[in-house]
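Colleague: Before I ask anything, here is the structure I am working with.
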Amino acid sequence: MRGSTLAYAVSMRSRRPGRRAALFAAALIVLLTLWAIVGPAASPYSPNGLDWHHLSAAPSLTDGHWLGTDPLGRDLYVRTLYGLRLSLLIGVLATGVSVLIGLAWGMVAGFAGGRVEAWMMRVVDILYSLPYLFIVLILATLFGRDSITLLLVAIAAVGWLTLARVVRAKTLSLKRREFVEAARAAGLTPAGIMMRHILPNLAGTVAVYATLMVPQMITSESFLSFLGLGVQEPRASLGSLVSEGAHEMLAAPWMLLVPASVLVALLLSFNLLGDALRDVLDPAAR
Amino acid sequence: MLGYAARRIAGIVPVLLILITVSFFVVRLAPGGPFDQARPLPPRTRAELEQLYGLNRPLIVQYWHYLQGLAHGDLGPSFKMHDDTVAGLIAQGLPVSLTLGSSALALALLIGVPLGLWAALGRGGALDHAVCAFAAVSLALPSFVTGPFLALAFGLWLHWLPVAGWQAGEPRYLILPAVTLALPVCASVARLMRGGMLDVIEASFVRSARARGLGRWRVLRHHALRPALVPVVSYLGPAVASLVTGSLVVETVFELPGTGRYLVQGALNRDYTLVMGMVLLYGTLTLLCNLAADLIHAWLDPRVRGEHA
Amino acid sequence: MSSIRPPVEPVALPASRAAAGAATVLAVEDLSVAFRGAEGLAPAVEGLSFTVQRGECLGIVGESGAGKTQAFLAALGLLASPAHVTGRVRLDGQELLGLPERALDRIRGARVGLVFQDPMASLTPHLRIGDQLAEPLRRHLGMGAREARGRALQLLERVRLADAARRMRQYPHELSGGMRQRVMIAIALACDPQLLILDEPTSALDVTLQAQILNLLAEFKRERGVALITHDFGVVAGLADQVAVMRAGRLIEQGSTAEVLKAPREPYTRQLLGRDDSRQAASPPGSGAGLGALLPVTLPASRPRVSECSPAHPCPTPRLALSGVGVSFPVARGWRRQALRALDGIDLTLGAGEALGVVGESGCGKSTLTRAALYLIRPAAGEVLWMGRSPADLPGGELRRLRRELQIVFQDPLASLDPHLTVQRLVAEPLEIHRPQLDASGRLEEVCGMLERVGLDRSLLTRRPHELSGGQCQRVGIARAMILKPRVLVCDEPLSALDAPTRAQVLALLAELRREQGTSLLFVSHDLSSVQRLCDRVLVLYLGRMAELAPAQALFAAPHHPYTRELLAAIAVADPDIQPARLAQVRLGEPPSPLELPQGCAFRTRCPQASSLCAERAPAWEQTAEDRWAACHHLRGRADDMLLK
């Protein structure tokens with residue numbers, strides 16, 4: 001074993017250059033979150049207050065509009081942080097809902113097997129046969145305008161599909177593992193086996209997917225808001241800010257650059273963190 | 001192989017039927033209807049319109065009529081764009097969307113596959129790190145950010161390419177939208193290609209082929225490449241899905257006359273037949289692409305062919 | 001012991017070999033391989049020296065991780081990760097180390113042929129057999145496509161692959177394990193190499209297939225040098241002329257096969273051979289005709305005799321009884337669904353304190369039998385009885401409570417332990433389920449007692465399975481199974497994932513626990529020698545059907561069923577005097593697919609005694625002697641009856 005274990009260790013070392021990047025990403029996520037919460041207090045402006053003296057003002061340190069204003073004179077620094085707040089909130093909440101549905105669905109399907117499983121996975125397959133954002137879009141347009149809760153439901157309603165598939169596959173392979181048979185032979189109830197042996201062994205995989213799902217949810221929300229179907233005025237999310245910025249990009253490029261950079265930094269950090277977690281917790285799925 | 005393909009194709013029909021049924025009722029369950037406007041129509045006009053489109057009949061009858069129409073290839077009239085049928089609208093927009101989608105896919109594969117291969121072969125080297133960084137950043141860039149940025153940089157500042165618009169047969173108008181659309185797909189392909197190749201290089205049969213003295217390139221091309229492509233191919237079905245949704249944004253950003261706008265408009269206007277037509281179009285497209293991906297997978301790996309789908 | 005510097009100089013050549021004037025094909029001198037790890041260089045091979053002569057086979061023996069494979073991969077530039085390689089490796093006088101890749105490519109496959117352990121993983125899955133075989137021919141011998149195909153077909157026929165022309169067009173996954181290994185051998189031999197390197201060529205195969213492949217390899221030994229890497233002295237005894245024993249990257253003993261196997265100098269070699277000194281004295285090698293004399297036997301002092309009961313003294317209720325048990329699995333083949341009958345008509349009883357062995361090739365339903373006996377799989381037919389009660393009739397709670405009386409130890413020690421639990425929680429789990437009234441300190445006490453019992457230190461309590469060795473994991477598995485003092489312990493290949501020395505220790509532990517607690521054992525294994533050591537009676541399974549049931553000693557001394565005879569003949573015995581002759585007698589061909597069983601007797605397609613009667617109907621399960629049953633039309637005595645009619 002010695003030689004091959006070593007070779008494995010060596011290969012793992014070269015495969016994990018992202019360790020530092022992951023720590024950096026985690027730090028950035030914490031920083032952005034804290035900033036979104038306390039940051040607006042540092043500015044004298046409110047997110048919807050109109051400053052008639054500074055319409056479409058460029059970023060400047062002197063007038064207090066550190067990151068400029070939009071054509072209505074609203075402060076971009078404060079609005080971006082409010083947008084970040086909302087995007088983060090929707091992203092995390094939608095992920096939470098999706099993870100709960102996906103975990104329960106996948107685990108029950110995988111553990112029950114037989115006809116129940118076939119039926120449950122058929123549902124997933126059919127939903128899966130349409131582009132994910134396409135369904136979100138239809139649901140959001142039909143039901144979800146004007147209400148953040150409904151928007152959240154629309155986004156979460158489809159987000160769980162991938163996780164349900166992954167959890168089911170993993171549950172199936174765990175179920176076939178001998179330690180589950182050993183637990184059955186020891187006289188543990190099916191519920192006991194799920195709670196004691198299946199769920200804890202799913203935790204790593206779920207953590208990885210949940211981390212990678214947050215940016216996906218944020219993207220979905222921003223995508224809808226960009227198309228004018230998500231968060232409505234006067235509220236702002238990163239997506240709606242990018243959309244406004246795209247319209248003004250010639251006259252006021254900072255309106256595009258500021259929210260876009262915050263959004264990309266956020267997505268990148270979550271992706272990096274998710275990838276690093278995968279390397280550590282779930283090395284088989286690269 | 002043929003039997004496998006037949007089984008898979010037969011599996012598509014029921015899925016499509018369920019898709020049609022579910023979306024038919026979901027769309028109609030949504031609050032509001034096609035003729036609810038800010039200024040309400042006179043009751044008589046409204047009744048006449050509803051009579052004309054059969055909206056006053058029981059849902060199940062409407063459903064049956066819709067299915068009958070479909071069987072004859074009739075997607076129905078658009079409720080809001082009064083002079084057009086849904087099929088006619090799709091026929092106008094589809095060529096643009098297809099041109100855009102296929103050029104983006106080609107771009108993504110032509111760049112992504114070699115990048116991934118290179119990175120895997122020079123693993124741990126500078127190029128590998130560069131490719132990984134490129135993929136990580138590209139995956140974090142939504143197309144509604146990349147699109148405006150590219151338009152800003154190459155259209156407004158550098159004046160190299162048109163900012164927006166479309167003229168059939170003019171590739172200049174295609175470049176920025178296609179690049180925007182291709183970027184995340186390209187990144188995923190590069191990443192999967194790299195991962196697939198790294199796994200295969202360590203596989204026992206590759207060592208065994210090298211032990212036969214076949215030479216590095218022969219082993220790579222003949223023994224390692226096909227299995228290493230499997231993850232890329234499995235991704236291609238969902239990739240097309242992301243091209244479809246991405247094209248929604250790209251068509252909005254670059255003001256292209258594709259099919260994407262119909263979806264948003266149709267859903268907002270409760271234009272039932274138009275939404276249904278789009279669901280049908282995208283659903284069929286995705287299913288066919290998934291099928292194609294599975295068939296290619298079966299060609300790449302003979303072990304898949306015998307199994308049940 | 002590993003600190004003792006091994007002899008670098010090869011042991012003096014025996015006279016016969018020197019006289020033959022054998023030419024040296026491969027000369028390895030002072031070869032060292034070290035991998036670059038986190039803490040500098042980690043050595044895998046140190047100062048290895050040996051030679052391989054033409055027409056001769058050198059067996060390189062050691063446990064996994066001894067550096068056997070790494071040495072050869074390093075010599076041929078095939079190592080997977082960057083390593084520091086020093087020393088000299090000369091093939092026919094040409095130095096291999098330091099050769100550029102291109103030059104090595106002209107040697108690999110052309111002058112050196114390699115056969116790896118796992119034939120499924122070693123063939124490229126998407127290329128047809130014929131193409132893979134033709135590839136080296138075209139590259140190294142410059143043959144055209146047509147010529148290469150013709151030659152490939154000849155090669156497949158030479159390795160005696162049945163139906164060679166059809167196999168050429170098939171993919172690796174369509175062939176069985178034994179066939180794939182024949183293909184690998186054909187590819188290795190394609191360019192008529194001077195040196196053939198066999199890396200555990202039969203470890204992934206059943207004994208019956210192992211014997212066939214070894215037989216085949218013996219034929220190809222004559223014209224070239226062969227290096228055989230293995231952990232199994234039985235394989236060495238049949239094929240090798242010289243033996244080198246490796247441990248932890250170093251050579252510790254070297255000599256002719258006869259010398260090393262009959263009079264090993266190193267204690268480690270003796271350990272690998274599964275002999276400690278007392279046993280070796282008790283079993284003089286090669287003295288008897290039967291197999292019984294070859295394998296060291298240690299039987300429990302007093303064994304319950306099942307046959308002793310009569311109507312006057314009724315047998316106590318068996319702890320485990322199966323009557324007419326059948327299990328089938330649905331299998332999808334294209335459009336159709338088919339039932340694979342994994343078990344059919346199994347009758348057996350397990351008395352108090354008895355040990356029943358179950359043997360057979362892989363795929364014969366041994367594992368399924370253990371699952372059916374424990375009612376983890378619901379049998380499609382027949383009945384299972386635990387202490388006279390049928391689990392099928394018990395309500396769920398009652399069934400789970402009764403499960404404490406029947407526990408199982410699995411084949412893969414790591415997979416059978418939940419990776420996120422500590423040793424303490426793993427061993428305590430059955431207590432938590434069945435003795436919830438026990439408080440934490442009481443549980444800990446029980447767990448510690450049990451760990452001590454199976455020879456594990458308390459310090460391991462907080463470890464997780466992946467931090468333990470294979471042997472330690474298996475001891476944890478046994479501790480977990482035995483902590484409730486079950487009346488029946490089912491063992492599903494508990495030794496096959498372990499190294500030889502660990503295997504002997506775990507076997508001894510099982511025998512001890514059985515003696516102490518009076519546990520009944522259902523012991524499933526493909527390793528006949530461990531069955532012989534541990535069990536009172538043995539059941540031979542063939543493709544899910546019972547072939548023979550007999551007391552262990554009687555079965556090994558005089559098997560009744562022809563399948564049992566062939567199975568016993570295929571066992572590799574670590575005795576160079578008789579093993580080659582035993583190998584030559586193996587006749588068993590490839591087993592049929594379990595989905596296409598032959599009509600009549602399932603064994604008839606491989607049976608040397610098959611007659612037309614065997615094709616007509618399946619033989620009945622009949623008593624052949626006191627305590628012995630078998631299912632065959634041509635049992636001794638029965639055949640005479642047929643003639644008289």
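As shown in the structure tokens, the chain order sets the letters A, B, ...; within each chain, residues go from 1, and ligands are also counted from 1 in the order they appear.
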Which neighbours of segment 216-218 of chain A fall inside 8 Å, counting only C-alpha atoms, when residues of the same chain fewer than 5 positions from it are skipped, and could you give them as a list of chain:residue names?

Modeller: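 Result of the neighbour search: A:Ser87, A:Leu88, A:Ile90, A:Gly91, A:Val92, A:Ala94, A:Thr95, A:Ile155, A:Ala156, A:Gly159, A:Leu267.
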
Colleague: Keeping only N, CA and C atoms, write those residues as a compact mmCIF listing (two decimals), in the first residue's frame.

Modeller:
```
# COMPACT_ATOMS: atom_id res chain seq x y z
N SER A 87 -29.69 40.42 -2.30
CA SER A 87 -29.24 39.28 -3.10
C SER A 87 -28.74 38.16 -2.21
N LEU A 88 -27.95 38.52 -1.19
CA LEU A 88 -27.43 37.51 -0.26
C LEU A 88 -28.58 36.81 0.45
N ILE A 90 -31.78 36.52 -0.40
CA ILE A 90 -32.54 35.63 -1.27
C ILE A 90 -31.72 34.39 -1.60
N GLY A 91 -30.41 34.58 -1.90
CA GLY A 91 -29.55 33.46 -2.24
C GLY A 91 -29.50 32.43 -1.13
N VAL A 92 -29.28 32.90 0.10
CA VAL A 92 -29.12 31.97 1.21
C VAL A 92 -30.46 31.30 1.56
N ALA A 94 -33.15 30.89 -0.40
CA ALA A 94 -33.56 29.97 -1.46
C ALA A 94 -32.72 28.70 -1.40
N THR A 95 -31.43 28.83 -1.09
CA THR A 95 -30.60 27.64 -0.95
C THR A 95 -31.10 26.77 0.19
N ILE A 155 -37.67 30.60 -7.30
CA ILE A 155 -36.26 30.23 -7.48
C ILE A 155 -35.96 28.88 -6.82
N ALA A 156 -36.48 28.72 -5.60
CA ALA A 156 -36.18 27.50 -4.86
C ALA A 156 -36.90 26.30 -5.43
N GLY A 159 -34.49 24.70 -7.81
CA GLY A 159 -33.09 24.57 -7.43
C GLY A 159 -32.75 23.24 -6.79
N LEU A 267 -20.00 35.93 -6.33
CA LEU A 267 -20.17 34.64 -7.00
C LEU A 267 -18.86 33.87 -7.01
```

Colleague: Pull out every residue of chain B sitting within 7 Å of chain A, counting only C-alpha atoms, and send them as a ChimeraX atom specification.

Modeller: /B:15,30,124,137,140-142,145,148,152,195,241-242,245,267-268,282-283,286-287

Colleague: What does the distance between atom CA of Leu151 of chain A and atom CA of Glu221 of chain A come to in Å, to one decimal place?

Modeller: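 Atom CA of Glu221 of chain A lies at a distance of 8.0 Å from atom CA of Leu151 of chain A.
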
Colleague: What parts of segment 502-606 of chain C does DSSP call alpha helix (DSSP H)? I'd like the answer as a ChimeraX atom specification.

Modeller: /C:502-517,528-534,552-557,562-570,579-584

Colleague: Define the interface residues of chain C facing chain B as those within 10 Å, counting only C-alpha atoms, and report them as a count of residues only.

Modeller: 58

Colleague: So which residues touch Leu153 of chain C within 10 Å, counting only C-alpha atoms, skipping near sequence neighbours fewer than 2 positions away, as a short mmCIF file (atom, residue, chain, number, x, y, z; two decimals) with C-alpha atoms, in the first residue's frame?

Modeller:
```
data_model
loop_
_atom_site.label_atom_id
_atom_site.label_comp_id
_atom_site.auth_asym_id
_atom_site.auth_seq_id
_atom_site.Cartn_x
_atom_site.Cartn_y
_atom_site.Cartn_z
CA GLY C 130 -8.83 -7.58 -32.06
CA LEU C 133 -4.14 -7.03 -29.97
CA ALA C 134 -3.19 -5.77 -33.43
CA ALA C 148 -1.80 -8.06 -37.86
CA ARG C 149 -5.36 -9.36 -37.67
CA GLY C 150 -4.29 -12.80 -38.81
CA ARG C 151 -1.50 -12.86 -36.27
CA LEU C 155 -2.31 -15.41 -30.68
CA LEU C 156 -5.81 -15.72 -29.23
CA GLU C 157 -5.87 -19.34 -30.29
CA ARG C 158 -2.46 -19.86 -28.73
CA LEU C 161 -9.38 -18.46 -25.89
CA ALA C 164 -11.34 -16.67 -30.85
CA ALA C 165 -12.70 -15.30 -34.15
CA ARG C 166 -15.80 -13.94 -32.46
CA ARG C 167 -13.83 -12.56 -29.50
CA MET C 168 -11.79 -10.43 -31.90
CA ALA C 186 -1.82 -12.69 -25.71
#
```

Colleague: With 9 Å as the limit and counting only C-alpha atoms, what residues in chain C lie close to chain A? Please list them as a ChimeraX atom specification.

Modeller: /C:34-38,42-45,63-67,70,80-82,248,371,374-376,396-397,399-404,406-421,429-430,433-434,481

Colleague: Show me, as a VMD selection string, the residues that have an atom within 8 Å of Leu274 of chain B when counting only C-alpha atoms, minus same-chain residues fewer than 2 positions from it.

Modeller: chain B and resid 77 to 79 86 262 to 263 266 271 to 272 276 to 278

Colleague: Can you tell me how far atom CA of Trp629 of chain C sits from atom CA of Gln553 of chain C, in Å to one decimal?

Modeller: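 Value for the atom CA of Trp629 of chain C-atom CA of Gln553 of chain C distance: 14.3 Å.
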
Colleague: Might you pull out every residue within 12 Å of Gly96 of chain A, with only C-alpha atoms counted and same-chain residues fewer than 5 positions away left off, and present them as a list in words?

Modeller: Leu89, Ile90, Gly91, Ile101, Gly102, Leu103, Leu152, Val153, Ile155, Ala156, Ala157, Gly159, Trp160, Leu163, Val206, Ala207, Tyr209, Ala210, Thr211, Met213, Val214 and Met217 of chain A

Colleague: Residues within 7 Å of Leu115 of chain B, please, as a PyMOL selection string. Count only C-alpha atoms; anything in the same chain fewer than 3 positions from it doesn't count.

Modeller: chain B and resi 111-112+118-119+131+190

Colleague: Counting only C-alpha atoms, what is within 7 Å of Gly147 of chain B, bar same-chain residues fewer than 3 positions away, as a ChimeraX atom specification?

Modeller: /B:143-144,150-151,180,250,253

Colleague: How would the residues just picked look written out with C-alpha atoms as a PDB file, in the first residue's frame?

Modeller:
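As written to disk, again.pdb reads:
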```
ATOM      1  CA  SER B 143     -23.956  36.674 -19.094  1.00  0.00           C
ATOM      2  CA  PHE B 144     -25.886  39.771 -18.072  1.00  0.00           C
ATOM      3  CA  LEU B 150     -18.182  43.563 -23.819  1.00  0.00           C
ATOM      4  CA  ALA B 151     -20.584  46.007 -25.435  1.00  0.00           C
ATOM      5  CA  THR B 180     -20.886  36.344 -24.221  1.00  0.00           C
ATOM      6  CA  VAL B 250     -27.972  38.045 -24.652  1.00  0.00           C
ATOM      7  CA  VAL B 253     -28.662  43.006 -24.053  1.00  0.00           C
TER       8      VAL B 253
END
```

Colleague: In Å, how far is it from atom CA of Ala108 of chain B to atom CA of Gly274 of chain A?

Modeller: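 Atom CA of Gly274 of chain A lies 23.7 Å from atom CA of Ala108 of chain B.
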